[in-house]
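Asker: Structure incoming, see below.
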Amino acid sequence: MTTLKFRYAKTVALGASLGQMLRDPAMDIAVPVLVQLLPKEHYKWINVIVGYSIKSIGITVAWLIQSVQSAFQSAVKGGLLFSTAILSYLKTKGHIPQDMDLEKMRAKEIVAGLVTFIGFYWQLSNGLSLPFPMNILLLPLRILEWFLRWQVSTFSVPEVV
C-alpha cells in the first residue's frame, strides 16, 4: 500500500491542486445557487460542500489523466514486446536470416510503433475499460483496483494551500 501511495501521490496532488485552482470560480457560481436551494440553517455548509465537491472533481480528472498515461505506457511496452517476440519467431522459422541482429533492425521499431498505435487507440476507443468477457473474468482484480485507488485517494489527499 505504501508503494502505491508514493507512486500515485503526484496524481492525488495534481487533483487536489486542480480542485484548489477551481475552488474560487466554483464558489462564485455555486454559492448563489446553493443559497437559493438550501435552508438558512445549512448555509454554514456551503463552503464545505463546494470545496470538497470541487476537490473530488479535480482528483477524478487527475485519475483520468493518469489512466490515459498508463494506457499509453502499456501500449508502448506491449508494442515493443510484441515486435521483439514476432521478429524472434520469424528468425527461428527462417524468415529472417540468422546472422541479422534484431536489435539493430528498423523493422522492430516500425512494428512496435504500429502495434503501440493500435493498442493505444483500442484502449481509448473502449473507454479505458475491459470488453466482455474480460470484464467478467477480471472482475476480482478490477474490484481490488477500485479499492486500492479509493484507499490511495482517500487517505493521502494532501492539503494544498
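Just remember, in the C-alpha cells the first chain shown is A, the second B, etc., residues are 1-based per chain, and ligands are 1-based in the order shown.
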Which residues come within 12 Å of segment 25-28 of chain A, counting only C-alpha atoms, excluding same-chain residues fewer than 3 positions away, as JSON, numbers by chain?
Answerer: {"A": [18, 19, 20, 21, 22, 31, 32, 33, 34, 35, 46, 47, 48, 49, 50, 51, 52, 53, 54, 55, 57, 58]}
Asker: Check segment 25-72 of chain A with DSSP on the backbone and list each residue it calls alpha helix (DSSP H), as a ChimeraX atom specification.
Answerer: /A:25-37,46-72
Asker: In Å, rounded to a single decimal, give me how far atom CA of Lys44 of chain A is from atom CA of Val152 of chain A.
Answerer: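 We find that atom CA of Val152 of chain A and atom CA of Lys44 of chain A lie 29.2 Å from each other.
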Asker: Any idea what's packed within 10 Å of segment 64-75 of chain A, counting only C-alpha atoms, ignoring anything in its chain fewer than 5 positions away? Could you give it as a list in words?
Answerer: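 My list of contacting residues is Tyr8, Lys10, Thr11, Val12, Leu14, Gly15, Gly58, Ile59, Leu80, Leu81, Ala112, Gly113, Val115, Thr116, Phe117, Ile118, Gly119, Phe120, Tyr121, Trp122, Gln123, Leu124, Gly127 and Leu128 of chain A.
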Asker: Please, what distance in Å, to one decimal, runs between atom CA of Asn135 of chain A and atom CA of Lys77 of chain A?
Answerer: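 Atom CA of Lys77 of chain A lies at a distance of 21.9 Å from atom CA of Asn135 of chain A.
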Asker: Please compute the atom CA of Asn126 of chain A-atom CA of Leu139 of chain A distance, one decimal, in Å.
Answerer: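 It comes out at 16.5 Å.
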